[in-house]
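What follows is one structure encoded as structure tokens, with my remarks underneath.
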There are 2 protein chains.
Amino acid sequence: MNRKKAIGKRSVVFDCPPVIIGAGSVVGEKEGEGAFGRYFDMVETDPLFGAQTWEEAESRMQQMATQIALRKAGLEPKEVRYLVAGDLLGQLIATSFGIMNFNIPMFGVYGACSTMGESLAIGSMLVDGGYADYVVALTSSHFASAEKQFRYPLAYGSQRPYSATWTVTGSGAVVLASAEAKWKRKEIGYVEVAGITTGIITDYGIKDSMNMGACMAPAACDVILNNFKDLGVGPDYYDRIVTGDLGTIGQRILIDMLRGYGYEIENRYFDCGTKIYYNEEQDTNAGGSGCGCSAITLCGYILQRMRKNQWKRVLFVPTGALLSTVSFNEGNSIPGIAHGVMLEAVSGSHMEVK
Amino acid sequence: MNRKKAIGKRSVVFDCPPVIIGAGSVVGEKEGEGAFGRYFDMVETDPLFGAQTWEEAESRMQQMATQIALRKAGLEPKEVRYLVAGDLLGQLIATSFGIMNFNIPMFGVYGACSTMGESLAIGSMLVDGGYADYVVALTSSHFASAEKQFRYPLAYGSQRPYSATWTVTGSGAVVLASAEAKWKRKEIGYVEVAGITTGIITDYGIKDSMNMGACMAPAACDVILNNFKDLGVGPDYYDRIVTGDLGTIGQRILIDMLRGYGYEIENRYFDCGTKIYYNEEQDTNAGGSGCGCSAITLCGYILQRMRKNQWKRVLFVPTGALLSTVSFNEGNSIPGIAHGVMLEAVSGSHMEVK
């Protein structure tokens, strides 16, 4: 094995880090009114996005996010070698119907709400490995299609415990380019994927689908610990450590768990789910969740802060709760998974525009 | 882009082809009584595999197939860098619960019944790219869990049209190793993954979920045509061209479509779905389907024929129908996808046992 690439037990550090040359975020009205509202490319007030069904609405978000990301990258769909994408719905129908018309060779992935981490990880290896000049990594979630899939009909107006999260309506798409590919630097700086740390499935036996933060926190902890160990670094290596959608309860568990292992992350840590809404005013209880939560926070907020060199290194750790209504109704626990992506901002000066 | 690797628009030919050093197939009784019965590693007569639910039964199959493949490869789970796996069920629960105890970093994938092609493709790039010494590619399907997910309760005894297929109960696992990794050659010859051709989503507007062969045939045709084009070869380059689960109707469509493009494949072609059962006697109508169909045919029948040098080159094209009960009930069409994997048998003589 090329030891330059595979580091330790779980991590990869890229020889030729793939560059993020375009990102698109499309969100619903509630997300537009949230804390990151002004960072998103498009806020749509029609929850159906002009479609007939919630699933089709989610498909349209994926399509728009991809179009925006491609436009920013200055690419046509036919120039993209692979699309790595997935969503929360059974058999990934939001993705299948959303990206069909691009005619891009496609790898469907499922990592629950950690999907943006998984698609970035696989996409980055395909670029760094020399299999592609350009790859799109993409995911989405929609409040209404997720409620329909996993919970109750919206019209029931079910009450939600304080530990429950609100599924984010949003889609984020990222265009990854090889360092040698022809791309134009349009920003002050750019962001590259320096490496990844891949998660295992962790199961602490928690069965409460209204407290998914607690199910996912151990998975996030495991990925962060292994990242530190594999790279021989500590929290201070990163300007920010960002988890996907642990919410207010899950993030407290994560901070406590890492403290137990001797790491203090609180001064450089935030959770996309906890921050994305004004939880009190927007009535979102423990915060946001869903594949879209970390995806739009990345494509909107995080990448903009990094491009402006406000943060140099970010460890981005989307988290997923692996459940279905079938496994839940059969009394199974809810295992978690997380995928770590090491993002690094490069100041534009030493990069030639080709 | 390293042009040695990325060939044409859709294909990759590997510099250092990953080697299949172990494969495991676990099947149900009906599959054991089918045409490939004697090639499978394990035939279980209890359809529940000792579990309480159909989903758990499918999880157990995945676990057993992986254990068999690892044992044949002479590896412990901790030596495997990545597991690339998926299944047909919503949110991939058969996989999540099946492989959890291995503690292997995991990428969940969904390509409907084409999943074995997708997991082999991604797994091979991870090995050839230098990210892993050993990767497990894995998938499964179970007749009863699939009927529960997609169709009617078994107790209804629903009638099935002649165009319907029978979901295969089976799981296939493959261990891929880098050419430089330490592995022992135990067979007369061994099989490597020479390259891949990745599919796009094709949609001919077919809406009949009881005729999935017709939905998938255009996807298989597209992958095979692009493979020929990218590599500058024709059907005679391969000893066998094998599709996943088109069934008797889909395979006729595929043969006719390719004939329309000037390619005659019939004398070297078979479809796993059409062959896996004795369709007349076993009452399986158009044949077998499901992720397990092509996976167990590969791990059992195909690899054994190749290791004995009866076939040198095989183009393996698992096919998937992208539908869910939600998309179907909302009146959507059933798009298809296929993933091509180029397998090549190498006679053992010139390979050193390290």
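In the structure tokens, the first chain shown is A, the next is B, and so on; residue numbers restart at 1 for each chain, and ligands run from 1 in the order shown.
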As a PyMOL selection string, list the residues of segment 27-159 of chain B assigned to helix (DSSP H, G or I) by DSSP on the backbone atoms of this structure.
chain B and resi 29-32+37-39+54-73+77-79+90-102+115-128+143-150+154-156
Distance cut-off 6 Å, counting only C-alpha atoms - which residues of chain A neighbour chain B? Return them as a PyMOL selection string.
chain A and resi 1-2+6+90-91+100+103-106+108-111+129-131+133+198-201+324
One residue among A:Gly123, A:Gly232, A:Gly292, A:Gly205 is nearest to Leu176 of chain A when using only C-alpha atoms, and that residue is A:Gly123
All strand (DSSP E) positions in segment 120-227 of chain B, as a list in words
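Output for segment 120-227 of chain B, strand (DSSP E) only: Tyr134, Val135, Val136, Ala137, Leu138, Thr139, Ser140, Ser141, Trp166, Thr167, Gly170, Ser171, Gly172, Ala173, Val174, Val175, Leu176, Ala177, Gly189, Tyr190, Val191, Glu192, Val193, Ala194, Gly195, Ile196, Thr197 and Thr198 of chain B.
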With only C-alpha atoms as the counted atoms, please give the residues lying no more than 8 Å from Gly8 of chain A, apart from itself and same-chain residues fewer than 3 positions off, as a PyMOL selection string.
chain A and resi 11+229-231
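Summary of the local environment: counting only C-alpha atoms, residues at most 12 Å from Arg307 of chain A, other than itself and those fewer than 5 positions away along its chain, are Val19, Ile20, Ile21, Gly22, Ala23, Arg185, Lys186, Glu187, Ile188, Gly189, Tyr190, Val191, Glu192, Leu298, Cys299, Gly300, Tyr301, Ile302, Lys312, Arg313, Val314, Leu343, Glu344, Ala345, Val346, Ser347 and Gly348 of chain A.
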Contacts of segment 236-250 of chain B at 6 Å (only C-alpha atoms; same-chain gap of 2+ positions) as a list in words:
Gly213, Ala214, Ala217, Gly234, Arg252, Ile253, Arg268, Tyr269, Phe270, Asp271, Cys272, Gly273, Thr274, Ala286, Gly287, Ser289, Ser294, Trp311, Arg313, Val314, Leu315, Phe316, Val317, Pro318 and Thr319 of chain B
Prev. selection, N, CA, C and O atoms, output as a CSV table (one decimal), in the first residue's frame:
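Saved result, again.csv, follows:
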chain,number,residue,atom,x,y,z
B,213,GLY,N,-37.1,-6.2,-16.0
B,213,GLY,CA,-36.1,-6.5,-17.1
B,213,GLY,C,-36.2,-5.5,-18.2
B,213,GLY,O,-35.2,-5.0,-18.7
B,214,ALA,N,-37.4,-5.1,-18.5
B,214,ALA,CA,-37.6,-4.1,-19.6
B,214,ALA,C,-37.1,-2.7,-19.2
B,214,ALA,O,-36.6,-1.9,-20.0
B,217,ALA,N,-32.9,-3.2,-19.2
B,217,ALA,CA,-32.2,-3.5,-20.4
B,217,ALA,C,-31.5,-2.3,-21.1
B,217,ALA,O,-30.3,-2.5,-21.5
B,234,GLY,N,-14.9,-5.3,-29.3
B,234,GLY,CA,-16.2,-5.8,-29.6
B,234,GLY,C,-16.6,-7.0,-28.7
B,234,GLY,O,-15.8,-7.3,-27.8
B,252,ARG,N,-33.9,-10.6,-23.8
B,252,ARG,CA,-34.2,-10.6,-25.2
B,252,ARG,C,-34.2,-9.1,-25.7
B,252,ARG,O,-33.7,-8.9,-26.8
B,253,ILE,N,-34.6,-8.2,-24.9
B,253,ILE,CA,-34.6,-6.8,-25.3
B,253,ILE,C,-33.1,-6.4,-25.5
B,253,ILE,O,-32.8,-5.7,-26.4
B,268,ARG,N,-22.2,-15.6,-26.6
B,268,ARG,CA,-21.3,-15.5,-25.5
B,268,ARG,C,-21.9,-14.8,-24.3
B,268,ARG,O,-21.3,-14.2,-23.4
B,269,TYR,N,-23.2,-14.7,-24.3
B,269,TYR,CA,-24.0,-14.0,-23.3
B,269,TYR,C,-24.8,-14.8,-22.4
B,269,TYR,O,-25.4,-15.8,-22.9
B,270,PHE,N,-24.9,-14.5,-21.1
B,270,PHE,CA,-26.0,-15.1,-20.3
B,270,PHE,C,-26.3,-14.0,-19.2
B,270,PHE,O,-25.6,-13.2,-18.9
B,271,ASP,N,-27.6,-14.2,-18.7
B,271,ASP,CA,-28.1,-13.3,-17.7
B,271,ASP,C,-28.2,-14.2,-16.4
B,271,ASP,O,-28.8,-15.3,-16.4
B,272,CYS,N,-27.6,-13.7,-15.3
B,272,CYS,CA,-27.7,-14.4,-14.1
B,272,CYS,C,-29.1,-14.8,-13.7
B,272,CYS,O,-29.4,-15.9,-13.2
B,273,GLY,N,-30.0,-13.8,-13.8
B,273,GLY,CA,-31.4,-14.0,-13.4
B,273,GLY,C,-32.1,-15.1,-14.2
B,273,GLY,O,-32.8,-15.9,-13.7
B,274,THR,N,-31.8,-15.2,-15.5
B,274,THR,CA,-32.4,-16.2,-16.4
B,274,THR,C,-31.9,-17.6,-16.0
B,274,THR,O,-32.6,-18.5,-16.1
B,286,ALA,N,-40.0,-15.1,-14.9
B,286,ALA,CA,-38.9,-14.5,-15.8
B,286,ALA,C,-37.5,-14.8,-15.3
B,286,ALA,O,-36.6,-14.4,-15.9
B,287,GLY,N,-37.4,-15.3,-14.0
B,287,GLY,CA,-36.1,-15.6,-13.5
B,287,GLY,C,-35.8,-15.0,-12.2
B,287,GLY,O,-36.8,-14.6,-11.5
B,289,SER,N,-33.9,-12.2,-9.4
B,289,SER,CA,-33.5,-10.8,-9.4
B,289,SER,C,-33.0,-10.5,-8.0
B,289,SER,O,-32.9,-11.3,-7.2
B,294,SER,N,-26.9,-11.5,-9.0
B,294,SER,CA,-25.6,-11.4,-9.7
B,294,SER,C,-24.4,-11.7,-8.7
B,294,SER,O,-23.4,-12.2,-9.1
B,311,TRP,N,-12.9,-19.6,-18.7
B,311,TRP,CA,-13.2,-18.3,-19.3
B,311,TRP,C,-12.0,-17.3,-18.9
B,311,TRP,O,-11.6,-17.3,-17.8
B,313,ARG,N,-11.8,-13.8,-20.1
B,313,ARG,CA,-12.3,-12.4,-19.9
B,313,ARG,C,-13.8,-12.4,-19.8
B,313,ARG,O,-14.5,-13.0,-20.6
B,314,VAL,N,-14.3,-11.8,-18.7
B,314,VAL,CA,-15.7,-11.7,-18.5
B,314,VAL,C,-16.1,-10.3,-18.3
B,314,VAL,O,-15.5,-9.6,-17.5
B,315,LEU,N,-17.1,-9.8,-19.0
B,315,LEU,CA,-17.7,-8.5,-18.7
B,315,LEU,C,-18.9,-8.7,-17.9
B,315,LEU,O,-19.9,-9.2,-18.4
B,316,PHE,N,-18.8,-8.3,-16.6
B,316,PHE,CA,-19.9,-8.6,-15.6
B,316,PHE,C,-20.7,-7.3,-15.4
B,316,PHE,O,-20.1,-6.2,-15.0
B,317,VAL,N,-22.0,-7.3,-15.7
B,317,VAL,CA,-22.8,-6.1,-15.8
B,317,VAL,C,-24.1,-6.3,-14.9
B,317,VAL,O,-25.1,-6.5,-15.4
B,318,PRO,N,-23.9,-6.1,-13.6
B,318,PRO,CA,-25.1,-6.1,-12.7
B,318,PRO,C,-26.0,-5.0,-13.1
B,318,PRO,O,-25.6,-3.9,-13.4
B,319,THR,N,-27.3,-5.2,-13.0
B,319,THR,CA,-28.3,-4.2,-13.4
B,319,THR,C,-29.3,-3.9,-12.3
B,319,THR,O,-29.6,-4.8,-11.5
